[in-house]
Amino acid sequence: MPTAKLSNLFLTTVIGLLGIGILLDGTLYNKAPTHPAIHQIGEPQAVSAFINNQPLVTLERVGNIWHQTYPIAAPAQSLRVQPLLDTNKYSQRSYRLKDLPHEEIFADPVTLKINDTEYLLGTVEPVSKLRYVRSGDQVFLQPDTILPMLAAAETVFVDLNITGKVDRLTIGDTVLEQPAVWTDLKALRIVDTNRTDNANNSIEIRVTEDDQIRVLSASLSEIGYTITKDQKFTYLIPDTTAKKLGLVDLLADS
């Protein structure tokens with residue numbers, strides 16, 4: 001009987017501790033595994049990738065906004081930059097460099113730099129299909145997402161959104177109708193402004209988005225209809241979009 005009482009007391013204690021744990025933290029037993037940083041590199045301000053010392057892409061952050069500076073200057077999509085930054089997250093599988101045939105794994109590596117911290121991207125582990133990533137004398141296995149992105153570096157990081165939610169449009173003193181047509185406007189690509197220097201005509205459009213005024217310059221040149229945003233980046237838009245926006249008629253009359 002004393003043994004049974006002790007067993008019941010033990011079970012009661014365990015159940016009580018589990019109950020306290022659940023009350024203190026409802027997700028205590030369902031938390032996703034954490035991925036601590038491999039290096040304490042501070043707030044990322046620059047990311048670059050190279051192969052054979054030749055640049056693939058360079059990105060810089062200005063305030064909270066990422067910009068691509070190579071291979072073309074363009075605003076960058078933060079969600080696309082994040083997988084590069086995630087290279088600094090510690091994976092659950094890691095090895096000492098000396099325990100691997102690293103001469104084969106990293107024979108032709110891609111070099112990734114976050115701020116001044118360097119990582120080498122090696123081959124894919126054949127069973128897990130994860131990629132070997134080296135930092136110093138440690139090697140990690142991480143999802144193979146970065147190299148496919150770097151293969152399309154000229155376009156994959158570029159943010160082609162010209163506008164968000166447009167509330168008001170004006171050309172000079174004229175308020176344009178149907179501002180919703182200009183909402184979430186997306187371009188085909190970003191173009192070199194030198195190719196639009198000989199534009200036949202252009203108009204300046206003031207766009208109000210969330211109480212913020214942006215200045216767009218629309219023009220027609222030999223490459224087609226373009227919109228320059230805040231005098232920074234020039235976007236090429238389809239002819240069908242230009243017609244839908246009314247730019248075909250507006251530029252013809254300007």
# chains A, B, ... in the order shown; residues from 1 in each chain; ligands from 1
call {"tool": "residues_around", "arguments": {"residues": "region 60-75 of chain A", "least_positions_apart": "4", "cutoff": "6 Å", "atoms": "only C-alpha atoms", "output": "JSON, numbers by chain"}}
result
{"A": [45, 46, 154, 158, 159]}
call {"tool": "select_by_dssp", "arguments": {"residues": "region 92-240 of chain A", "states": "strand (DSSP E)", "output": "VMD selection string"}}
result
chain A and resid 94 to 96 110 to 114 117 to 124 131 to 135 138 to 142 168 to 171 174 to 175 189 to 191 201 to 209 212 to 221 224 to 229 233 to 237
call {"tool": "closest_residue", "arguments": {"among": "A:Ser91, A:Thr163, A:Gln77, A:Thr111", "to": "Lys186 (chain A)", "atoms": "only C-alpha atoms"}}
result
A:Thr163
call {"tool": "atom_distance", "arguments": {"atom1": "CA of Asp230 (chain A)", "atom2": "CA of Ser217 (chain A)"}}
result
8.1 Å
call {"tool": "residues_around", "arguments": {"residues": "region 138-142 of chain A", "least_positions_apart": "5", "cutoff": "12 Å", "atoms": "only C-alpha atoms", "output": "PyMOL selection string"}}
result
chain A and resi 35+38-39+83-84+86-102+105-106+119-133+147
call {"tool": "select_by_dssp", "arguments": {"residues": "region 53-229 of chain A", "states": "alpha helix (DSSP H)", "output": "VMD selection string"}}
result
chain A and resid 78 to 85 102 to 105 146 to 150 153 to 156
